[in-house]
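Participant: Hey, dropping run02.cif in here, mmCIF, N, CA and C atoms:
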```cif
data_input
loop_
_atom_site.label_atom_id
_atom_site.label_comp_id
_atom_site.auth_asym_id
_atom_site.auth_seq_id
_atom_site.Cartn_x
_atom_site.Cartn_y
_atom_site.Cartn_z
N VAL A 1 -67.89 21.92 40.67
CA VAL A 1 -67.93 20.48 40.55
C VAL A 1 -69.08 20.07 39.63
N ILE A 2 -70.25 20.68 39.83
CA ILE A 2 -71.40 20.43 38.95
C ILE A 2 -71.87 21.77 38.41
N GLY A 3 -72.04 21.87 37.10
CA GLY A 3 -72.51 23.11 36.47
C GLY A 3 -71.37 24.07 36.19
N THR A 4 -71.74 25.19 35.60
CA THR A 4 -70.75 26.19 35.20
C THR A 4 -70.79 27.46 36.05
N LEU A 5 -71.78 27.58 36.90
CA LEU A 5 -71.89 28.78 37.73
C LEU A 5 -70.85 28.74 38.84
N LYS A 6 -70.30 29.91 39.18
CA LYS A 6 -69.20 29.99 40.14
C LYS A 6 -69.49 31.03 41.21
N TRP A 7 -68.74 30.93 42.30
CA TRP A 7 -68.76 31.96 43.33
C TRP A 7 -68.30 33.27 42.68
N THR A 8 -68.94 34.37 43.05
CA THR A 8 -68.61 35.67 42.50
C THR A 8 -68.45 36.69 43.63
N LEU A 9 -68.07 37.89 43.26
CA LEU A 9 -67.97 39.00 44.20
C LEU A 9 -69.29 39.74 44.21
N GLY A 10 -69.99 39.71 45.35
CA GLY A 10 -71.20 40.50 45.51
C GLY A 10 -70.83 41.90 45.97
N THR A 11 -71.63 42.89 45.59
CA THR A 11 -71.26 44.27 45.91
C THR A 11 -72.40 45.13 46.45
N VAL A 12 -73.55 44.55 46.76
CA VAL A 12 -74.66 45.33 47.28
C VAL A 12 -74.39 45.64 48.75
N GLY A 13 -74.11 46.89 49.07
CA GLY A 13 -73.85 47.29 50.46
C GLY A 13 -72.47 46.91 50.96
N GLY A 14 -71.55 46.54 50.10
CA GLY A 14 -70.20 46.12 50.48
C GLY A 14 -69.73 45.02 49.56
N LYS A 15 -68.61 44.43 49.88
CA LYS A 15 -68.07 43.34 49.06
C LYS A 15 -68.05 42.05 49.86
N TYR A 16 -68.42 40.94 49.21
CA TYR A 16 -68.53 39.63 49.86
C TYR A 16 -68.54 38.56 48.78
N ALA A 17 -68.28 37.33 49.16
CA ALA A 17 -68.39 36.19 48.24
C ALA A 17 -69.86 35.80 48.13
N GLN A 18 -70.29 35.47 46.91
CA GLN A 18 -71.70 35.16 46.68
C GLN A 18 -71.83 34.02 45.69
N MET A 19 -72.83 33.15 45.93
CA MET A 19 -73.09 32.04 45.01
C MET A 19 -74.59 31.83 44.88
N SER A 20 -75.03 31.63 43.64
CA SER A 20 -76.42 31.33 43.33
C SER A 20 -76.46 30.42 42.12
N ASN A 21 -77.44 29.55 42.06
CA ASN A 21 -77.62 28.69 40.89
C ASN A 21 -78.72 29.22 39.97
N TYR A 22 -79.18 30.43 40.23
CA TYR A 22 -80.23 31.05 39.42
C TYR A 22 -79.59 31.97 38.40
N SER A 23 -79.88 31.75 37.14
CA SER A 23 -79.29 32.56 36.08
C SER A 23 -80.22 32.56 34.87
N GLY A 24 -80.45 33.71 34.31
CA GLY A 24 -81.27 33.79 33.09
C GLY A 24 -82.68 33.28 33.26
N GLY A 25 -83.24 33.42 34.45
CA GLY A 25 -84.62 33.01 34.69
C GLY A 25 -84.83 31.55 35.05
N ALA A 26 -83.75 30.82 35.32
CA ALA A 26 -83.88 29.40 35.64
C ALA A 26 -82.85 28.99 36.70
N ASN A 27 -83.18 27.92 37.42
CA ASN A 27 -82.23 27.30 38.35
C ASN A 27 -81.47 26.20 37.61
N TYR A 28 -80.19 26.04 37.95
CA TYR A 28 -79.35 25.02 37.34
C TYR A 28 -78.74 24.13 38.42
N SER A 29 -78.56 22.84 38.11
CA SER A 29 -77.87 21.95 39.03
C SER A 29 -76.46 22.50 39.26
N SER A 30 -76.13 22.66 40.54
CA SER A 30 -74.84 23.27 40.87
C SER A 30 -74.25 22.67 42.13
N GLU A 31 -72.95 22.47 42.10
CA GLU A 31 -72.15 22.21 43.30
C GLU A 31 -70.89 23.04 43.09
N ALA A 32 -70.72 24.05 43.93
CA ALA A 32 -69.59 24.96 43.78
C ALA A 32 -68.90 25.13 45.13
N TRP A 33 -67.58 24.98 45.13
CA TRP A 33 -66.78 25.10 46.34
C TRP A 33 -65.99 26.41 46.31
N PHE A 34 -66.01 27.12 47.42
CA PHE A 34 -65.20 28.32 47.62
C PHE A 34 -64.12 27.92 48.63
N ILE A 35 -62.90 27.70 48.13
CA ILE A 35 -61.83 27.11 48.95
C ILE A 35 -60.71 28.13 49.16
N SER A 36 -60.28 28.26 50.41
CA SER A 36 -59.19 29.17 50.75
C SER A 36 -57.86 28.64 50.23
N PRO A 37 -56.87 29.52 50.15
CA PRO A 37 -55.50 29.02 49.97
C PRO A 37 -55.07 28.29 51.24
N ALA A 38 -53.93 27.64 51.22
CA ALA A 38 -53.41 26.98 52.42
C ALA A 38 -53.21 28.01 53.53
N ILE A 39 -53.63 27.66 54.72
CA ILE A 39 -53.49 28.55 55.89
C ILE A 39 -52.71 27.78 56.94
N ASP A 40 -51.55 28.31 57.33
CA ASP A 40 -50.73 27.67 58.37
C ASP A 40 -51.24 28.12 59.73
N VAL A 41 -51.83 27.19 60.48
CA VAL A 41 -52.40 27.53 61.79
C VAL A 41 -51.45 27.19 62.94
N SER A 42 -50.24 26.74 62.63
CA SER A 42 -49.29 26.31 63.66
C SER A 42 -49.03 27.36 64.72
N SER A 43 -48.86 28.59 64.31
CA SER A 43 -48.46 29.64 65.26
C SER A 43 -49.63 30.45 65.81
N LEU A 44 -50.85 30.09 65.44
CA LEU A 44 -52.00 30.84 65.95
C LEU A 44 -52.26 30.50 67.40
N SER A 45 -52.60 31.52 68.18
CA SER A 45 -52.81 31.28 69.61
C SER A 45 -54.20 30.73 69.92
N GLN A 46 -55.23 31.23 69.25
CA GLN A 46 -56.59 30.80 69.56
C GLN A 46 -57.10 29.69 68.65
N LYS A 47 -56.64 29.66 67.43
CA LYS A 47 -57.07 28.68 66.42
C LYS A 47 -58.60 28.62 66.32
N THR A 48 -59.17 29.74 65.91
CA THR A 48 -60.61 29.83 65.72
C THR A 48 -60.93 30.46 64.36
N LEU A 49 -62.11 30.16 63.88
CA LEU A 49 -62.62 30.71 62.64
C LEU A 49 -63.97 31.34 62.92
N THR A 50 -64.18 32.52 62.39
CA THR A 50 -65.49 33.16 62.42
C THR A 50 -65.75 33.79 61.04
N PHE A 51 -67.01 33.96 60.71
CA PHE A 51 -67.40 34.63 59.47
C PHE A 51 -68.87 35.02 59.58
N ARG A 52 -69.33 35.77 58.61
CA ARG A 52 -70.74 36.12 58.54
C ARG A 52 -71.34 35.48 57.30
N ASN A 53 -72.62 35.13 57.37
CA ASN A 53 -73.29 34.54 56.22
C ASN A 53 -74.72 35.05 56.12
N ALA A 54 -75.23 35.10 54.90
CA ALA A 54 -76.61 35.52 54.65
C ALA A 54 -77.12 34.75 53.45
N TYR A 55 -78.44 34.59 53.39
CA TYR A 55 -79.02 33.91 52.23
C TYR A 55 -80.46 34.35 52.01
N LYS A 56 -80.98 33.99 50.83
CA LYS A 56 -82.39 34.17 50.52
C LYS A 56 -82.78 33.11 49.51
N TYR A 57 -84.03 32.77 49.48
CA TYR A 57 -84.64 31.80 48.57
C TYR A 57 -84.49 30.38 49.11
N THR A 58 -85.31 29.49 48.57
CA THR A 58 -85.37 28.12 49.05
C THR A 58 -84.28 27.27 48.40
N GLY A 59 -83.55 26.54 49.24
CA GLY A 59 -82.51 25.65 48.74
C GLY A 59 -81.72 25.05 49.87
N ALA A 60 -80.72 24.28 49.52
CA ALA A 60 -79.88 23.59 50.50
C ALA A 60 -79.07 24.61 51.31
N PRO A 61 -78.81 24.28 52.57
CA PRO A 61 -77.97 25.18 53.38
C PRO A 61 -76.51 25.14 52.92
N LEU A 62 -75.82 26.23 53.16
CA LEU A 62 -74.39 26.30 52.92
C LEU A 62 -73.68 25.36 53.88
N LYS A 63 -72.59 24.74 53.46
CA LYS A 63 -71.83 23.83 54.33
C LYS A 63 -70.40 24.34 54.44
N LEU A 64 -69.78 24.05 55.58
CA LEU A 64 -68.40 24.46 55.87
C LEU A 64 -67.57 23.21 56.10
N PHE A 65 -66.38 23.15 55.48
CA PHE A 65 -65.49 22.02 55.61
C PHE A 65 -64.05 22.48 55.85
N ILE A 66 -63.27 21.63 56.52
CA ILE A 66 -61.84 21.85 56.73
C ILE A 66 -61.10 20.62 56.19
N SER A 67 -59.96 20.87 55.52
CA SER A 67 -59.11 19.78 55.04
C SER A 67 -57.66 20.03 55.41
N THR A 68 -56.96 18.95 55.70
CA THR A 68 -55.51 19.05 55.95
C THR A 68 -54.71 18.40 54.82
N ASN A 69 -55.41 17.78 53.86
CA ASN A 69 -54.67 17.11 52.79
C ASN A 69 -55.08 17.54 51.38
N TYR A 70 -55.82 18.63 51.27
CA TYR A 70 -56.13 19.17 49.95
C TYR A 70 -54.86 19.74 49.35
N ASP A 71 -54.69 19.61 48.03
CA ASP A 71 -53.45 20.08 47.40
C ASP A 71 -53.55 21.49 46.84
N GLY A 72 -54.71 22.12 46.94
CA GLY A 72 -54.86 23.50 46.50
C GLY A 72 -55.23 23.68 45.05
N VAL A 73 -55.26 22.60 44.26
CA VAL A 73 -55.57 22.74 42.83
C VAL A 73 -56.54 21.69 42.30
N SER A 74 -56.57 20.54 42.88
CA SER A 74 -57.40 19.44 42.38
C SER A 74 -58.87 19.63 42.74
N ALA A 75 -59.71 18.74 42.23
CA ALA A 75 -61.12 18.75 42.59
C ALA A 75 -61.25 18.47 44.09
N PRO A 76 -62.26 19.04 44.74
CA PRO A 76 -62.43 18.82 46.17
C PRO A 76 -62.51 17.34 46.57
N ALA A 77 -63.04 16.49 45.69
CA ALA A 77 -63.17 15.06 46.00
C ALA A 77 -61.82 14.37 46.17
N SER A 78 -60.74 15.03 45.77
CA SER A 78 -59.41 14.44 45.90
C SER A 78 -58.88 14.49 47.33
N ALA A 79 -59.59 15.19 48.21
CA ALA A 79 -59.12 15.38 49.59
C ALA A 79 -60.15 14.86 50.58
N THR A 80 -59.71 14.78 51.83
CA THR A 80 -60.61 14.44 52.93
C THR A 80 -61.06 15.74 53.58
N TRP A 81 -62.36 15.90 53.74
CA TRP A 81 -62.93 17.12 54.31
C TRP A 81 -63.73 16.78 55.56
N THR A 82 -63.59 17.59 56.59
CA THR A 82 -64.35 17.43 57.83
C THR A 82 -65.38 18.55 57.90
N GLU A 83 -66.65 18.18 57.99
CA GLU A 83 -67.70 19.19 58.07
C GLU A 83 -67.73 19.82 59.45
N LYS A 84 -67.92 21.12 59.49
CA LYS A 84 -68.02 21.89 60.73
C LYS A 84 -69.39 22.56 60.78
N THR A 85 -69.98 22.57 61.95
CA THR A 85 -71.27 23.24 62.11
C THR A 85 -71.04 24.72 62.43
N PHE A 86 -72.01 25.52 62.05
CA PHE A 86 -71.96 26.95 62.33
C PHE A 86 -73.38 27.50 62.34
N THR A 87 -73.54 28.70 62.83
CA THR A 87 -74.84 29.35 62.87
C THR A 87 -75.18 29.89 61.49
N LEU A 88 -76.31 29.43 60.96
CA LEU A 88 -76.77 29.86 59.64
C LEU A 88 -77.64 31.11 59.75
N SER A 89 -77.62 31.91 58.73
CA SER A 89 -78.51 33.06 58.61
C SER A 89 -79.96 32.58 58.70
N ALA A 90 -80.83 33.44 59.19
CA ALA A 90 -82.26 33.13 59.24
C ALA A 90 -82.94 33.37 57.90
N GLY A 91 -82.21 33.91 56.94
CA GLY A 91 -82.76 34.13 55.61
C GLY A 91 -83.06 35.59 55.33
N ASN A 92 -83.66 35.84 54.16
CA ASN A 92 -84.03 37.18 53.71
C ASN A 92 -82.83 38.12 53.64
N PHE A 93 -81.65 37.57 53.36
CA PHE A 93 -80.39 38.30 53.28
C PHE A 93 -80.02 39.02 54.58
N VAL A 94 -80.45 38.45 55.71
CA VAL A 94 -80.05 38.98 57.02
C VAL A 94 -78.75 38.29 57.42
N TRP A 95 -77.71 39.08 57.69
CA TRP A 95 -76.40 38.54 58.07
C TRP A 95 -76.45 37.90 59.44
N ALA A 96 -75.77 36.78 59.59
CA ALA A 96 -75.64 36.09 60.88
C ALA A 96 -74.17 35.82 61.13
N ASN A 97 -73.76 35.93 62.39
CA ASN A 97 -72.40 35.53 62.77
C ASN A 97 -72.36 34.02 62.89
N SER A 98 -71.30 33.42 62.40
CA SER A 98 -71.16 31.96 62.37
C SER A 98 -71.05 31.34 63.75
N GLY A 99 -70.63 32.15 64.73
CA GLY A 99 -70.22 31.60 66.01
C GLY A 99 -68.75 31.21 65.87
N ILE A 100 -68.15 30.79 66.95
CA ILE A 100 -66.73 30.45 66.95
C ILE A 100 -66.57 28.99 66.55
N ILE A 101 -65.83 28.76 65.47
CA ILE A 101 -65.53 27.41 65.02
C ILE A 101 -64.13 27.06 65.52
N ASP A 102 -64.04 26.03 66.32
CA ASP A 102 -62.79 25.62 66.95
C ASP A 102 -61.88 24.91 65.95
N LEU A 103 -60.67 25.43 65.81
CA LEU A 103 -59.67 24.81 64.93
C LEU A 103 -58.48 24.25 65.71
N SER A 104 -58.63 24.12 67.03
CA SER A 104 -57.51 23.72 67.88
C SER A 104 -56.97 22.32 67.57
N ALA A 105 -57.75 21.49 66.93
CA ALA A 105 -57.30 20.12 66.59
C ALA A 105 -56.33 20.11 65.42
N TYR A 106 -56.15 21.25 64.75
CA TYR A 106 -55.35 21.29 63.53
C TYR A 106 -53.97 21.91 63.77
N THR A 107 -52.98 21.36 63.08
CA THR A 107 -51.63 21.92 63.05
C THR A 107 -51.20 21.99 61.59
N GLY A 108 -50.25 22.82 61.30
CA GLY A 108 -49.78 22.93 59.92
C GLY A 108 -50.79 23.62 59.04
N ASN A 109 -50.79 23.23 57.76
CA ASN A 109 -51.66 23.87 56.78
C ASN A 109 -53.06 23.25 56.77
N ILE A 110 -54.06 24.14 56.68
CA ILE A 110 -55.44 23.71 56.50
C ILE A 110 -56.04 24.47 55.33
N TYR A 111 -57.11 23.94 54.82
CA TYR A 111 -57.92 24.62 53.81
C TYR A 111 -59.33 24.73 54.36
N ILE A 112 -59.93 25.88 54.16
CA ILE A 112 -61.31 26.12 54.58
C ILE A 112 -62.16 26.19 53.32
N ALA A 113 -63.29 25.50 53.31
CA ALA A 113 -64.12 25.48 52.11
C ALA A 113 -65.59 25.68 52.47
N PHE A 114 -66.27 26.45 51.63
CA PHE A 114 -67.71 26.60 51.71
C PHE A 114 -68.28 25.88 50.49
N LYS A 115 -69.22 24.96 50.74
CA LYS A 115 -69.81 24.17 49.66
C LYS A 115 -71.25 24.60 49.43
N TYR A 116 -71.54 24.96 48.19
CA TYR A 116 -72.87 25.37 47.77
C TYR A 116 -73.47 24.28 46.90
N THR A 117 -74.75 23.99 47.10
CA THR A 117 -75.47 23.07 46.21
C THR A 117 -76.82 23.66 45.86
N GLY A 118 -77.26 23.40 44.63
CA GLY A 118 -78.57 23.83 44.16
C GLY A 118 -79.05 22.85 43.10
N THR A 119 -80.34 22.83 42.87
CA THR A 119 -80.93 21.91 41.90
C THR A 119 -81.64 22.69 40.79
N THR A 120 -82.19 21.96 39.83
CA THR A 120 -82.96 22.62 38.78
C THR A 120 -84.31 23.13 39.27
N SER A 121 -84.73 22.70 40.48
CA SER A 121 -86.02 23.15 41.00
C SER A 121 -85.90 24.19 42.11
N ASN A 122 -84.70 24.31 42.74
CA ASN A 122 -84.54 25.35 43.75
C ASN A 122 -83.06 25.62 44.01
N GLY A 123 -82.83 26.68 44.75
CA GLY A 123 -81.47 27.04 45.13
C GLY A 123 -81.45 28.39 45.81
N SER A 124 -80.78 28.47 46.91
CA SER A 124 -80.63 29.73 47.63
C SER A 124 -79.51 30.54 47.01
N THR A 125 -79.50 31.82 47.32
CA THR A 125 -78.34 32.66 47.06
C THR A 125 -77.66 32.83 48.40
N TRP A 126 -76.38 32.41 48.49
CA TRP A 126 -75.62 32.51 49.74
C TRP A 126 -74.52 33.55 49.61
N GLU A 127 -74.29 34.26 50.72
CA GLU A 127 -73.24 35.27 50.81
C GLU A 127 -72.37 34.98 52.04
N VAL A 128 -71.06 35.18 51.89
CA VAL A 128 -70.11 34.95 52.99
C VAL A 128 -69.19 36.17 53.06
N ASP A 129 -68.92 36.64 54.28
CA ASP A 129 -68.10 37.83 54.45
C ASP A 129 -67.36 37.76 55.79
N ASP A 130 -66.37 38.62 55.93
CA ASP A 130 -65.63 38.80 57.18
C ASP A 130 -65.08 37.50 57.74
N ILE A 131 -64.40 36.74 56.91
CA ILE A 131 -63.79 35.48 57.32
C ILE A 131 -62.55 35.81 58.13
N ILE A 132 -62.53 35.39 59.40
CA ILE A 132 -61.42 35.71 60.30
C ILE A 132 -60.90 34.44 60.94
N ILE A 133 -59.59 34.23 60.83
CA ILE A 133 -58.93 33.09 61.47
C ILE A 133 -57.89 33.68 62.41
N LYS A 134 -57.97 33.28 63.69
CA LYS A 134 -56.96 33.79 64.65
C LYS A 134 -56.63 32.76 65.69
#
```
Could the structure of this file be written out as structure tokens, please?

Facilitator:
Amino acid sequence: VIGTLKWTLGTVGGKYAQMSNYSGGANYSSEAWFISPAIDVSSLSQKTLTFRNAYKYTGAPLKLFISTNYDGVSAPASATWTEKTFTLSAGNFVWANSGIIDLSAYTGNIYIAFKYTGTTSNGSTWEVDDIIIK
């Protein structure tokens, strides 16, 4: 949404989604969304989401959102997103379990999104892995 930096595949010690606004020795203004494809939760028995997250460096916390009206291709601002709370990593690239995010209020297709923000003066590097919906 802001800037040219994007979520990438991190590979240190395994594979995971990673986002940072630090490149070439400088921080850049960034807003980058990592959005799932449509997920039909109608037939799920538990309707829960869990994942792991880790970060390092000073910057805004990672945010988690759910949408039922995103079209899968437009800018995130084109949809309504509901923010969900989760357990954040304590930092220093130490992985934390998100805790159980309740999705029982949803039927049909949903989109799950992780929103990253960074500024020209700071920005964390965030990692997300083991995203499980059941």

Participant: Between A:Ile100, A:Ala26, A:Ala17, A:Val73, single out the one closest to Phe86 (chain A), counting only N, CA and C atoms.

Facilitator: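 Answer, going by the shortest atom-to-atom distance: A:Ile100.
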
Participant: Since I can't run it myself right now, could you work out what the PyMOL selection byres ((chain A and resi 123) around 5) selects here and report it as a PyMOL selection string?

Facilitator: chain A and resi 57-59+118-119+121-122+124-125

Participant: Can I get the selection written as a short mmCIF file (atom, residue, chain, number, x, y, z; two decimals), in the coordinates of the input, with N, CA and C atoms?

Facilitator:
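Saved the output as selection_36.cif:
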```
data_model
loop_
_atom_site.label_atom_id
_atom_site.label_comp_id
_atom_site.auth_asym_id
_atom_site.auth_seq_id
_atom_site.Cartn_x
_atom_site.Cartn_y
_atom_site.Cartn_z
N TYR A 57 -84.03 32.77 49.48
CA TYR A 57 -84.64 31.80 48.57
C TYR A 57 -84.49 30.38 49.11
N THR A 58 -85.31 29.49 48.57
CA THR A 58 -85.37 28.12 49.05
C THR A 58 -84.28 27.27 48.40
N GLY A 59 -83.55 26.54 49.24
CA GLY A 59 -82.51 25.65 48.74
C GLY A 59 -81.72 25.05 49.87
N GLY A 118 -77.26 23.40 44.63
CA GLY A 118 -78.57 23.83 44.16
C GLY A 118 -79.05 22.85 43.10
N THR A 119 -80.34 22.83 42.87
CA THR A 119 -80.93 21.91 41.90
C THR A 119 -81.64 22.69 40.79
N SER A 121 -84.73 22.70 40.48
CA SER A 121 -86.02 23.15 41.00
C SER A 121 -85.90 24.19 42.11
N ASN A 122 -84.70 24.31 42.74
CA ASN A 122 -84.54 25.35 43.75
C ASN A 122 -83.06 25.62 44.01
N SER A 124 -80.78 28.47 46.91
CA SER A 124 -80.63 29.73 47.63
C SER A 124 -79.51 30.54 47.01
N THR A 125 -79.50 31.82 47.32
CA THR A 125 -78.34 32.66 47.06
C THR A 125 -77.66 32.83 48.40
#
```

Participant: Could you write out as a short mmCIF file (atom, residue, chain, number, x, y, z; two decimals) with N, CA and C atoms, keeping the file's coordinate frame the residues that the PyMOL selection byres (((chain A and resi 11-16 and name CA) around 9) and name CA) matches in the shown file?

Facilitator:
```
data_model
loop_
_atom_site.label_atom_id
_atom_site.label_comp_id
_atom_site.auth_asym_id
_atom_site.auth_seq_id
_atom_site.Cartn_x
_atom_site.Cartn_y
_atom_site.Cartn_z
N THR A 8 -68.94 34.37 43.05
CA THR A 8 -68.61 35.67 42.50
C THR A 8 -68.45 36.69 43.63
N LEU A 9 -68.07 37.89 43.26
CA LEU A 9 -67.97 39.00 44.20
C LEU A 9 -69.29 39.74 44.21
N GLY A 10 -69.99 39.71 45.35
CA GLY A 10 -71.20 40.50 45.51
C GLY A 10 -70.83 41.90 45.97
N ALA A 17 -68.28 37.33 49.16
CA ALA A 17 -68.39 36.19 48.24
C ALA A 17 -69.86 35.80 48.13
N GLN A 18 -70.29 35.47 46.91
CA GLN A 18 -71.70 35.16 46.68
C GLN A 18 -71.83 34.02 45.69
N GLU A 127 -74.29 34.26 50.72
CA GLU A 127 -73.24 35.27 50.81
C GLU A 127 -72.37 34.98 52.04
N VAL A 128 -71.06 35.18 51.89
CA VAL A 128 -70.11 34.95 52.99
C VAL A 128 -69.19 36.17 53.06
N ASP A 129 -68.92 36.64 54.28
CA ASP A 129 -68.10 37.83 54.45
C ASP A 129 -67.36 37.76 55.79
N ASP A 130 -66.37 38.62 55.93
CA ASP A 130 -65.63 38.80 57.18
C ASP A 130 -65.08 37.50 57.74
#
```

Participant: Give me, as a ChimeraX atom specification, all polymer residues having an atom no more than 6.5 Å from Trp33 (chain A), counting only N, CA and C atoms and skipping those fewer than 2 positions away in the same chain.

Facilitator: /A:1,31,35,113-116

Participant: With all atoms listed in the file as the basis for distance, which of A:Leu62, A:Leu44, A:Ile2, A:Ala32 is at the shortest distance from Trp126 (chain A)?

Facilitator: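 Using all atoms listed in the file, Trp126 (chain A) sits closest to A:Leu62.
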
Participant: Between A:Met19, A:Ile39, A:Leu5, A:Leu88, which is the closest to Asn69 (chain A) once you count only C-alpha atoms?

Facilitator: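 The shortest atom-to-atom distance to Asn69 (chain A) comes from A:Ile39.
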
Participant: What does the distance from atom C of Asn27 (chain A) to CA of Pro76 (chain A) come to in Å, to one decimal?

Facilitator: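 Taking atom C of Asn27 (chain A) as the start and CA of Pro76 (chain A) as the end point, the length is 22.1 Å.
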
Participant: Using the chain letters and numbering of this document, enumerate as a short mmCIF file (atom, residue, chain, number, x, y, z; two decimals) with N, CA and C atoms, keeping the file's coordinate frame the residues selected by the PyMOL selection byres (((chain A and resi 109 and name CA) around 10) and name CA).

Facilitator:
```cif
data_model
loop_
_atom_site.label_atom_id
_atom_site.label_comp_id
_atom_site.auth_asym_id
_atom_site.auth_seq_id
_atom_site.Cartn_x
_atom_site.Cartn_y
_atom_site.Cartn_z
N PRO A 37 -56.87 29.52 50.15
CA PRO A 37 -55.50 29.02 49.97
C PRO A 37 -55.07 28.29 51.24
N ALA A 38 -53.93 27.64 51.22
CA ALA A 38 -53.41 26.98 52.42
C ALA A 38 -53.21 28.01 53.53
N ILE A 39 -53.63 27.66 54.72
CA ILE A 39 -53.49 28.55 55.89
C ILE A 39 -52.71 27.78 56.94
N ASP A 40 -51.55 28.31 57.33
CA ASP A 40 -50.73 27.67 58.37
C ASP A 40 -51.24 28.12 59.73
N VAL A 41 -51.83 27.19 60.48
CA VAL A 41 -52.40 27.53 61.79
C VAL A 41 -51.45 27.19 62.94
N SER A 42 -50.24 26.74 62.63
CA SER A 42 -49.29 26.31 63.66
C SER A 42 -49.03 27.36 64.72
N SER A 67 -59.96 20.87 55.52
CA SER A 67 -59.11 19.78 55.04
C SER A 67 -57.66 20.03 55.41
N THR A 68 -56.96 18.95 55.70
CA THR A 68 -55.51 19.05 55.95
C THR A 68 -54.71 18.40 54.82
N ASN A 69 -55.41 17.78 53.86
CA ASN A 69 -54.67 17.11 52.79
C ASN A 69 -55.08 17.54 51.38
N TYR A 70 -55.82 18.63 51.27
CA TYR A 70 -56.13 19.17 49.95
C TYR A 70 -54.86 19.74 49.35
N TYR A 106 -56.15 21.25 64.75
CA TYR A 106 -55.35 21.29 63.53
C TYR A 106 -53.97 21.91 63.77
N THR A 107 -52.98 21.36 63.08
CA THR A 107 -51.63 21.92 63.05
C THR A 107 -51.20 21.99 61.59
N GLY A 108 -50.25 22.82 61.30
CA GLY A 108 -49.78 22.93 59.92
C GLY A 108 -50.79 23.62 59.04
N ILE A 110 -54.06 24.14 56.68
CA ILE A 110 -55.44 23.71 56.50
C ILE A 110 -56.04 24.47 55.33
N TYR A 111 -57.11 23.94 54.82
CA TYR A 111 -57.92 24.62 53.81
C TYR A 111 -59.33 24.73 54.36
#
```

Participant: Just want the 6 Å neighbourhood of Ile66 (chain A), counted on all atoms listed in the file, with same-chain residues fewer than 2 positions away dropped. Output as a VMD selection string.

Facilitator: chain A and resid 64 68 80 to 84 111 to 113

Participant: Provide the atom C of Ile133 (chain A) to CA of Asn97 (chain A) distance in Å, to one decimal place.

Facilitator: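 So the two atoms, atom C of Ile133 (chain A) and CA of Asn97 (chain A), lie 14.6 Å apart.
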
Participant: With DSSP run on the backbone, what are the strand (DSSP E or B) residues within chain A? I'd like them as a ChimeraX atom specification.

Facilitator: /A:2,8-10,16-19,22-23,26-27,30-35,39-40,48-56,63-67,82-84,91,94,96-97,101-102,109-118,125-133

Participant: With distances taken over all atoms listed in the file, which residue among A:Gln46, A:Phe65, A:Ser23, A:Ala77 lies nearest Asp102 (chain A)?

Facilitator: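 That would be A:Gln46, the residue with the smallest distance to Asp102 (chain A).
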
Participant: Ranking A:Lys6, A:Ala96, A:Gly25, A:Lys134 by minimum distance to Phe51 (chain A) and counting only N, CA and C atoms, which one comes first?

Facilitator: A:Ala96
